[in-house]
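Participant: Got a structure for you, questions after.
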4 protein chains.
Amino acid sequence: MAKIKVGVAGYGTIGQRLADGVAQQGDMELVGIADLAPTLSLRALHEKDMIGANGVKYNLYLVDGADKAAFDAAGIPVAGSFEELCKEVDVMLDSSPAGVGGKNKEKYYTKYGVKAIFQGGEKNDVADVFFHGYANYEKGLGVDYLKLTSCNTTGLIRTVDCLDRAYGIEKVAITIIRRVADPGDYHRGLTNALQLEHAPTHQAVDLMTIMPHVNATGILVHTPVTHGHIITVLATAKDGKKITKEMALEAFQKHPRIRVVTIDEGFKGNASFFKYARDLGNRRGDMYEIGLWEDSIVESGNDIMYAINIPQESVTIPETMDAIRASMKMQMTREEGTAKTNEYLGIGKFKNLK
Amino acid sequence: MAKIKVGVAGYGTIGQRLADGVAQQGDMELVGIADLAPTLSLRALHEKDMIGANGVKYNLYLVDGADKAAFDAAGIPVAGSFEELCKEVDVMLDSSPAGVGGKNKEKYYTKYGVKAIFQGGEKNDVADVFFHGYANYEKGLGVDYLKLTSCNTTGLIRTVDCLDRAYGIEKVAITIIRRVADPGDYHRGLTNALQLEHAPTHQAVDLMTIMPHVNATGILVHTPVTHGHIITVLATAKDGKKITKEMALEAFQKHPRIRVVTIDEGFKGNASFFKYARDLGNRRGDMYEIGLWEDSIVESGNDIMYAINIPQESVTIPETMDAIRASMKMQMTREEGTAKTNEYLGIGKFKNLK
Amino acid sequence: MAKIKVGVAGYGTIGQRLADGVAQQGDMELVGIADLAPTLSLRALHEKDMIGANGVKYNLYLVDGADKAAFDAAGIPVAGSFEELCKEVDVMLDSSPAGVGGKNKEKYYTKYGVKAIFQGGEKNDVADVFFHGYANYEKGLGVDYLKLTSCNTTGLIRTVDCLDRAYGIEKVAITIIRRVADPGDYHRGLTNALQLEHAPTHQAVDLMTIMPHVNATGILVHTPVTHGHIITVLATAKDGKKITKEMALEAFQKHPRIRVVTIDEGFKGNASFFKYARDLGNRRGDMYEIGLWEDSIVESGNDIMYAINIPQESVTIPETMDAIRASMKMQMTREEGTAKTNEYLGIGKFKNLK
Amino acid sequence: MAKIKVGVAGYGTIGQRLADGVAQQGDMELVGIADLAPTLSLRALHEKDMIGANGVKYNLYLVDGADKAAFDAAGIPVAGSFEELCKEVDVMLDSSPAGVGGKNKEKYYTKYGVKAIFQGGEKNDVADVFFHGYANYEKGLGVDYLKLTSCNTTGLIRTVDCLDRAYGIEKVAITIIRRVADPGDYHRGLTNALQLEHAPTHQAVDLMTIMPHVNATGILVHTPVTHGHIITVLATAKDGKKITKEMALEAFQKHPRIRVVTIDEGFKGNASFFKYARDLGNRRGDMYEIGLWEDSIVESGNDIMYAINIPQESVTIPETMDAIRASMKMQMTREEGTAKTNEYLGIGKFKNLK
């Protein structure tokens with residue numbers, strides 16, 4: 001079977017990692033990446049002679065409005081235009097700035113019959129299906145335009161779907177303690193302040209779109225850190241059923257994309273996951289799994305409460321690979337699709353606590 | 001009736017504010033404060049000729065082990081020893097470092113028949129009653145040794161007790177987003193990290209001590225900020241009863257120590273309360289009320305969820321004044337005791353939202 | 001002599017403090033303040049029945065484009081329009097957002113013959129003289145339009161002018177370690193990053209405008225904190241003369257607007273000054289003096305190096321009061337003008353180290 | 001020629017990177033690493049089956065006092081005791097906690113004739129020579145005990161030595177804007193505060209030990225960030241000679257361990273270097289070169305001022321490799337020794353600005 005040809009539009013925080021993700025899939029080919037300006041990330045790629053993850057060459061295409069002269073000045077080689085890239089690919093991973101994805105679809109994707117998978121920043125109506133690899137893989141089968149859940153929602157749903165399949169969940173209430181910027185961000189930030197958003201937070205609303213049988217609400221607070229969001233989740237089982245700590249733990253430990261950890265091992269907070277991923281030698285210090293603290297799991301009457309860590313830069317990469325698989329009908333079931341992604345990304349090889 | 005004679009042991013973050021609180025009570029006299037070393041706070045007091053809040057002179061007594069020569073070098077006048085202060089007062093507000101309060105009790109308070117009110121850092125068994133002005137005032141009546149709830153617990157209980165008296169509460173699950181240091185702290189801190197504590201957090205456990213009919217649990221995460229904790233609370237009413245947003249709001253708005261605010265007014269987060277208190281011209285930029293965001297209140301099935309802001313430096317001051325009133329039997333009911341404190345501290349004069 | 005009538009345009013971080021400053025000047029009358037929207041600061045003023053510093057009532061006027069209905073909704077009383085305020089005052093302290101001051105001048109100040117003093121954000125050509133109370137008071141005498149130096153430049157010049165008058169300075173090289181936001185700011189911030197600006201920094205350039213006989217340059221780095229800038233200064237005396245640590249210290253200790261402190265007293269960094277000001281009971285926790293660490297003063301060959309702390313919210317207030325005095329010819333010399341300001345603001349009453 | 005056998009004592013922030021550094025040297029063999037407890041870093045190594053940089057296996061030895069049972073519980077394989085490791089190596093890179101290195105020397109290194117290279121935390125008298133690869137390589141030739149300069153001093157000396165060899169330097173005055181913790185640190189931190197240290201800072205004093213013909217002084221301020229220190233340097237040439245911006249730039253651009261960058265390329269501050277290293281795909285997101293901003297270079301009379309960025313976790317690794325080379329007489333000159341290190345670490349392949 002020929003490899004699926006994939007492009008990546010927008011080589012920012014997410015786009016770089018999408019390209020790295022595709023480069024690691026044995027059944028996909030990264031045709032190229034597209035961007036607007038010679039950013040630091042592209043300069044770094046150039047310093048490596050355009051060789052990215054897994055020894056793959058990342059060919060660079062320029063989107064409309066790009067200043068070719070700026071790339072020339074930086075010595076960064078250009079392979080062609082975004083339109084040319086569109087002609088070459090089966091599916092485009094669109095991680096352009098919010099709103100641009102919709103325009104790309106209108107101008108190029110429909111014209112050239114390119115499927116597209118949009119990231120969380122794009123409006124919902126750009127896509128036919130709002131997608132999560134574990135929660136609704138089958139809904140994405142053969143669909144042309146998918147939209148991924150955002151980073152917090154992606155990680156959150158991993159755990160709620162996990163409990164739901166094991167025990168049946170009818171309600172969740174979440175508190176998102178959100179990192180306000182990524183490492184290296186200067187264009188946004190917060191200094192010595194916690195900032196509240198109007199409730200309910202959109203992640204709870206989005207969860208209900210993916211899992212319509214669950215009632216979800218929650219509150220989000222921005223915090224001045226860069227290494228991962230922390231979410232506390234209070235989950236209520238259906239029909240007044242009790243979920244014990246042991247039951248929750250048992251379900252979580254079986255999930256390949258959830259790392260169950262403890263404070264006593266050294267996972268003291270969000271920065272510990274980042275440190276751990278760096279020490280693993282992971283590219284960019286990234287981690288595809290979310291963390292879940294065993295020491296955080298507590299029972300509240302019949303309900304179960306726990307805290308998770310979301311590595312915001314990389315958490316959506318596996319589910320995006322799943323989306324390619326669903327959209328291209330590479331695997332026809334949730335189990336097969338996610339397993340293939342996990343295999344290529346090396347997910348699930350860690351040893352969870354016994 | 002003669003004024004109640006009060007001393008303050010430990011002129012740190014809390015001790016200074018306790019002294020200020022006593023200085024504003026028309027029916028109390030601040031006999032003196034006690035400390036160990038010529039801290040920045042004592043140097044500031046000295047620069048003001050030892051005149052504190054409300055034009056009251058703060059006489060300084062030295063605790064055991066203090067280096068008198070260091071005070072002399074700084075030019076700070078000393079009125080006597082801690083033992084001498086003990087002889088002069090009816091009640092001591094003990095905000096010494098954790099553990100010292102217990103020793104003070106053993107060595108001086110029992111000896112001189114001084115009542116004492118300990119802050120949250122001291123162990124529970126130092127006191128006869130674990131006290132909260134609104135939740136269990138009557139339990140403190142005439143009791144010699146009371147211990148106040150900590151800052152987070154004090155603010156949290158204001159809201160849970162408020163809902164409980166209005167509608168009956170049987171369960172709460174909380175997420176504490178904790179500021180890790182006070183402004184001006186250098187001896188502790190956190191940099192670009194969120195830090196998790198083993199769950200359940202002690203504030204939930206403490207709440208159950210004060211309100212034994214409520215089941216409480218929760219998770220605490222430290223964040224690198226200084227201006228106030230934020231807590232999200234999910235409260236469940238007794239007997240499956242529903243609490244609507246309107247019901248919750250109505251109860252909160254009547255509470256003198258809860259400020260109901262909105263993001264749109266400008267209360268964007270914890271730092272907004274600090275800014276507001278500074279702009280009010282409040283001494284030290286302090287606020288006695290907790291904040292509660294109307295925009296945060298959401299319904300989760302029959303449960304109600306909301307977010308509050310805890311001004312950690314000053315929130316326990318009113319309840320400590322209440323404790324003096326209970327312990328000294330100055331007022332015999334919760335309503336009278338808290339009303340007197342509020343009157344002297346100027347609490348409840350703000351205009352909550354309609 | 002009739003009191004000088006003063007208005008304040010823009011009741012933001014600086015404007016509030018300018019109003020407070022004027023309210024404390026025995027020979028000035030605060031006619032009113034002007035702003036655009038019912039900010040948190042105005043809501044706080046309203047909660048205090050529009051009574052500001054020193055028991056003075058702050059009458060509120062609305063600038064062009066203000067939404068009166070929003071003020072009515074918040075219950076904040078309005079005294080009239082900005083144009084009406086202009087008609088009533090001798091001098092306007094303009095702390096409007098950058099650029100607005102120039103328009104105000106064009107539209108109102110020239111029309112009604114109102115003198116104006118602009119803050120550092122406005123362009124230099126809006127004013128006839130770039131002003132600093134200690135460095136060039138006499139240049140401002142009788143001048144209609146003055147512009148104040150920015151907060152860093154104001155504090156920096158206090159020390160360079162101080163050394164220059166004592167020993168003669170020909171060159172300075174500075175490093176500004178800049179706080180990136182004020183307490184309560186949410187619209188700008190920086191998270192876990194130090195940010196460099198193109199050198200030379202404008203504060204060095206501005207210093208040369210005020211002190212043209214000094215060669216100045218420097219580098220500025222933004223840091224994610226809110227309580228005060230720290231500047232290191234390397235100053236070179238004229239003609240190869242050596243300035244010893246003792247000589248520098250002697251000069252600094254005589255300056256009323258420089259507090260000489262030590263780390264060992266407890267002034268560990270920028271947040272210590274803020275804490276100290278709060279503990280002094282200063283309104284808003286403000287301080288008018290800059291801090292200068294005795295422990296930071298080191299000799300570099302013949303040059304002298306030292307570190308200062310700039311309380312960015314309040315440091316320009318005294319020099320702005322000086323500017324009113326110069327512009328209105330209230331005092332004809334630097335010594336008399338600054339002394340009067342200091343007297344009314346209570347500056348110079350602290351005890352510097354011996 | 002047989003490979004030099006190297007051990008690493010202490011697998012913390014520096015130790016891990018020393019091991020990685022040795023693993024990349026074609027003429028060295030990493031015999032093993034030693035540590036006390038199953039830290040997060042060792043757990044990560046274990047997850048990778050003890051395979052570190054360059055595909056090299058890192059054998060783990062336990063130092064005195066280590067709890068073997070804790071390693072067994074974590075499943076981490078142990079190769080032997082620290083004493084056994086000492087018997088196997090020619091040279092030990094000692095990055096133990098401060099003070100432990102001295103004890104190791106006394107107890108093991110002298111006993112087994114092992115050379116040792118200590119990191120900056122150890123006291124100077126533990127070593128025979130205080131070492132810097134570029135500044136005094138030849139002093140380390142054949143010496144048994146060397147001590148490396150600390151991270152700030154190492155990077156600083158690269159630039160001062162570079163200017164000194166080109167133009168002759170007699171004086172430097174520095175301001176260190178220091179990151180207070182490493183990513184993932186929870187045991188130290190600073191929140192919303194800049195903290196000053198007593199001047200002169202030790203880095204200036206240390207520079208004079210390595211470069212005794214230079215007069216150095218300076219001030220250090222801690223800042224609440226994790227990704228790299230920034231130092232501003234004011235350098236004065238000998239004999240009143242002027243160093244222009246062009247002269248400085250020319251010298252810096254030739255240095256393999258100095259990356260000359262610009263703000264406009266995207267190097268906005270310390271976090272940009274970290275981001276760039278991550279994007280390069282560097283292990284742990286590390287960088288061996290310091291950054292030097294072309295946009296920061298300014299002339300101050302005859303003096304030259306500039307700002308550099310120090311990647312604190314990894315900057316001392318190359319100079320430590322140099323130290324092995326000098327101590328073991330692998331290369332007899334500074335040029336050859338540093339060139340070999342650079343070759344194996346891939347240093348100097350970047351393209352500096354023209």
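The chains in the structure tokens are called A, B, ... from first to last as shown; in each chain the residues are counted from 1, and the ligands are counted from 1 in the order shown.
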I need the helix (DSSP H, G or I) residues of region 106-277 of chain A per DSSP on the backbone, written as a VMD selection string.
Facilitator: chain A and resid 106 to 112 124 to 126 137 to 140 151 to 167 202 to 210 238 to 240 245 to 253 270 to 277
Participant: How close does chain A get to chain C? List, as a Markdown table, each residue of chain A within 6 Å, its nearest atom pair and the distance in Å to one decimal, counting only C-alpha atoms.
Facilitator:
```
| residue | atom | partner | partner_atom | distance |
| --- | --- | --- | --- | --- |
| A:Gly189 | CA | C:Leu190 | CA | 4.4 |
| A:Leu190 | CA | C:Gly189 | CA | 4.4 |
| A:Thr191 | CA | C:Gly189 | CA | 5.1 |
| A:Pro224 | CA | C:Thr191 | CA | 5.7 |
```
Participant: Taking the DSSP secondary structure from the backbone, can you list the residues of region 86-169 of chain D that are strand (DSSP E or B), as a list in words?
Facilitator: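 Listing strand (DSSP E or B) positions across region 86-169 of chain D yields Val91, Met92, Leu93, Asp94, Lys115, Ala116, Ile117, Phe118, Val129, Phe130, Phe131, Tyr145, Leu146, Lys147, Leu148 and Ile169 of chain D.
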Participant: For the residues selected in the previous step, produce a file with all heavy atoms as a compact mmCIF listing (two decimals), in the first residue's frame.
Facilitator:
```txt
# COMPACT_ATOMS: atom_id res chain seq x y z
N VAL D 91 39.81 9.08 35.31
CA VAL D 91 39.44 10.41 35.80
C VAL D 91 37.96 10.41 36.18
O VAL D 91 37.13 9.79 35.51
CB VAL D 91 39.77 11.50 34.75
CG1 VAL D 91 39.05 11.23 33.44
CG2 VAL D 91 39.42 12.89 35.26
N MET D 92 37.68 11.08 37.29
CA MET D 92 36.29 11.18 37.74
C MET D 92 35.83 12.63 37.57
O MET D 92 36.51 13.57 37.98
CB MET D 92 36.20 10.80 39.23
CG MET D 92 34.79 10.74 39.77
SD MET D 92 33.86 9.31 39.13
CE MET D 92 34.58 8.00 40.13
N LEU D 93 34.66 12.78 36.94
CA LEU D 93 34.04 14.11 36.88
C LEU D 93 33.12 14.19 38.09
O LEU D 93 32.13 13.47 38.17
CB LEU D 93 33.25 14.26 35.58
CG LEU D 93 34.05 14.00 34.31
CD1 LEU D 93 33.19 14.27 33.08
CD2 LEU D 93 35.30 14.86 34.27
N ASP D 94 33.48 15.01 39.04
CA ASP D 94 32.75 15.03 40.30
C ASP D 94 31.74 16.17 40.33
O ASP D 94 32.10 17.33 40.49
CB ASP D 94 33.73 15.13 41.48
CG ASP D 94 33.06 14.76 42.78
OD1 ASP D 94 31.96 15.31 43.04
OD2 ASP D 94 33.60 13.91 43.52
N LYS D 115 42.37 10.78 38.93
CA LYS D 115 42.31 12.24 38.75
C LYS D 115 40.86 12.67 38.90
O LYS D 115 39.94 11.86 38.72
CB LYS D 115 42.84 12.62 37.37
CG LYS D 115 44.32 12.30 37.19
CD LYS D 115 44.86 12.87 35.89
CE LYS D 115 46.35 12.54 35.78
NZ LYS D 115 47.09 13.67 35.21
N ALA D 116 40.67 13.94 39.24
CA ALA D 116 39.28 14.38 39.39
C ALA D 116 39.11 15.81 38.92
O ALA D 116 40.02 16.64 39.05
CB ALA D 116 38.84 14.25 40.84
N ILE D 117 37.94 16.05 38.37
CA ILE D 117 37.60 17.40 37.92
C ILE D 117 36.31 17.80 38.63
O ILE D 117 35.28 17.14 38.47
CB ILE D 117 37.44 17.42 36.39
CG1 ILE D 117 38.79 17.04 35.77
CG2 ILE D 117 36.96 18.78 35.92
CD1 ILE D 117 38.72 16.70 34.31
N PHE D 118 36.41 18.85 39.44
CA PHE D 118 35.29 19.28 40.26
C PHE D 118 34.53 20.41 39.59
O PHE D 118 35.08 21.20 38.84
CB PHE D 118 35.81 19.73 41.63
CG PHE D 118 36.56 18.64 42.36
CD1 PHE D 118 37.95 18.54 42.26
CD2 PHE D 118 35.89 17.70 43.14
CE1 PHE D 118 38.65 17.53 42.90
CE2 PHE D 118 36.58 16.68 43.79
CZ PHE D 118 37.96 16.59 43.67
N VAL D 129 44.32 23.47 40.39
CA VAL D 129 44.19 24.55 39.40
C VAL D 129 42.71 24.85 39.16
O VAL D 129 41.90 23.92 39.04
CB VAL D 129 44.87 24.15 38.07
CG1 VAL D 129 44.49 25.12 36.95
CG2 VAL D 129 46.39 24.11 38.24
N PHE D 130 42.39 26.12 39.11
CA PHE D 130 41.05 26.60 38.76
C PHE D 130 41.10 26.77 37.24
O PHE D 130 41.93 27.54 36.74
CB PHE D 130 40.81 27.92 39.49
CG PHE D 130 39.37 28.34 39.61
CD1 PHE D 130 38.32 27.44 39.53
CD2 PHE D 130 39.05 29.68 39.86
CE1 PHE D 130 37.00 27.85 39.65
CE2 PHE D 130 37.74 30.09 39.99
CZ PHE D 130 36.72 29.17 39.88
N PHE D 131 40.23 26.07 36.52
CA PHE D 131 40.45 25.83 35.09
C PHE D 131 39.37 26.41 34.18
O PHE D 131 38.19 26.37 34.49
CB PHE D 131 40.52 24.30 34.88
CG PHE D 131 40.77 23.87 33.47
CD1 PHE D 131 42.07 23.79 32.98
CD2 PHE D 131 39.73 23.54 32.61
CE1 PHE D 131 42.32 23.37 31.67
CE2 PHE D 131 39.97 23.14 31.30
CZ PHE D 131 41.27 23.05 30.83
N TYR D 145 44.10 17.42 40.00
CA TYR D 145 42.80 17.90 40.49
C TYR D 145 42.53 19.28 39.94
O TYR D 145 43.22 20.25 40.26
CB TYR D 145 42.78 17.91 42.03
CG TYR D 145 43.03 16.52 42.59
CD1 TYR D 145 44.21 16.22 43.27
CD2 TYR D 145 42.10 15.50 42.39
CE1 TYR D 145 44.46 14.95 43.76
CE2 TYR D 145 42.34 14.21 42.87
CZ TYR D 145 43.52 13.94 43.55
OH TYR D 145 43.75 12.67 44.02
N LEU D 146 41.49 19.35 39.13
CA LEU D 146 41.10 20.63 38.52
C LEU D 146 39.71 21.00 39.03
O LEU D 146 38.89 20.13 39.32
CB LEU D 146 41.06 20.51 37.00
CG LEU D 146 42.37 20.18 36.29
CD1 LEU D 146 42.12 20.01 34.79
CD2 LEU D 146 43.38 21.30 36.53
N LYS D 147 39.47 22.29 39.09
CA LYS D 147 38.11 22.74 39.39
C LYS D 147 37.64 23.64 38.26
O LYS D 147 38.36 24.57 37.86
CB LYS D 147 38.07 23.51 40.72
CG LYS D 147 36.65 23.94 41.08
CD LYS D 147 36.58 24.85 42.28
CE LYS D 147 35.41 25.81 42.12
NZ LYS D 147 35.21 26.68 43.28
N LEU D 148 36.44 23.37 37.78
CA LEU D 148 35.87 24.18 36.71
C LEU D 148 35.28 25.47 37.26
O LEU D 148 34.78 25.48 38.39
CB LEU D 148 34.73 23.40 36.04
CG LEU D 148 35.02 22.76 34.69
CD1 LEU D 148 35.09 23.81 33.60
CD2 LEU D 148 36.34 22.00 34.76
N ILE D 169 42.54 43.39 27.44
CA ILE D 169 41.52 43.92 28.35
C ILE D 169 42.13 44.13 29.73
O ILE D 169 42.88 43.28 30.21
CB ILE D 169 40.34 42.92 28.47
CG1 ILE D 169 39.61 42.77 27.13
CG2 ILE D 169 39.34 43.35 29.57
CD1 ILE D 169 38.95 44.03 26.61
```
Participant: Would you list the contacts of Met211 (chain D) as a list of chain:residue names, taking every protein, DNA or RNA residue within 9 Å and counting only C-alpha atoms, but skipping same-chain residues closer than 3 positions in sequence?
Facilitator: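 These residues fall inside the cut-off: D:Ala135, D:Asn136, D:Ile157, D:Asp161, D:Asp206, D:Leu207, D:Met208, D:Val214, D:Asn215.
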Participant: Limited to C-alpha atoms, could you put the picked residues into a file as a tab-separated table (two decimals), in the first residue's frame?
Facilitator:
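Contents of result_23.tsv, as written:
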```
chain	number	residue	atom	x	y	z
D	135	ALA	CA	41.61	30.98	29.21
D	136	ASN	CA	44.19	28.72	30.88
D	157	ILE	CA	35.30	34.27	30.49
D	161	ASP	CA	39.25	36.03	27.08
D	206	ASP	CA	36.61	34.10	40.04
D	207	LEU	CA	37.36	35.74	36.73
D	208	MET	CA	40.32	37.47	38.34
D	214	VAL	CA	42.09	41.86	34.63
D	215	ASN	CA	40.34	43.96	37.29
```
Participant: Give me, as an MDAnalysis selection string, all polymer residues having an atom no more than 8 Å from Lys268 (chain B), counting only C-alpha atoms and skipping those fewer than 4 positions away in the same chain.
Facilitator: (chainID A and resid 195:197) or (chainID B and resid 262:264 272) or (chainID C and resid 186)
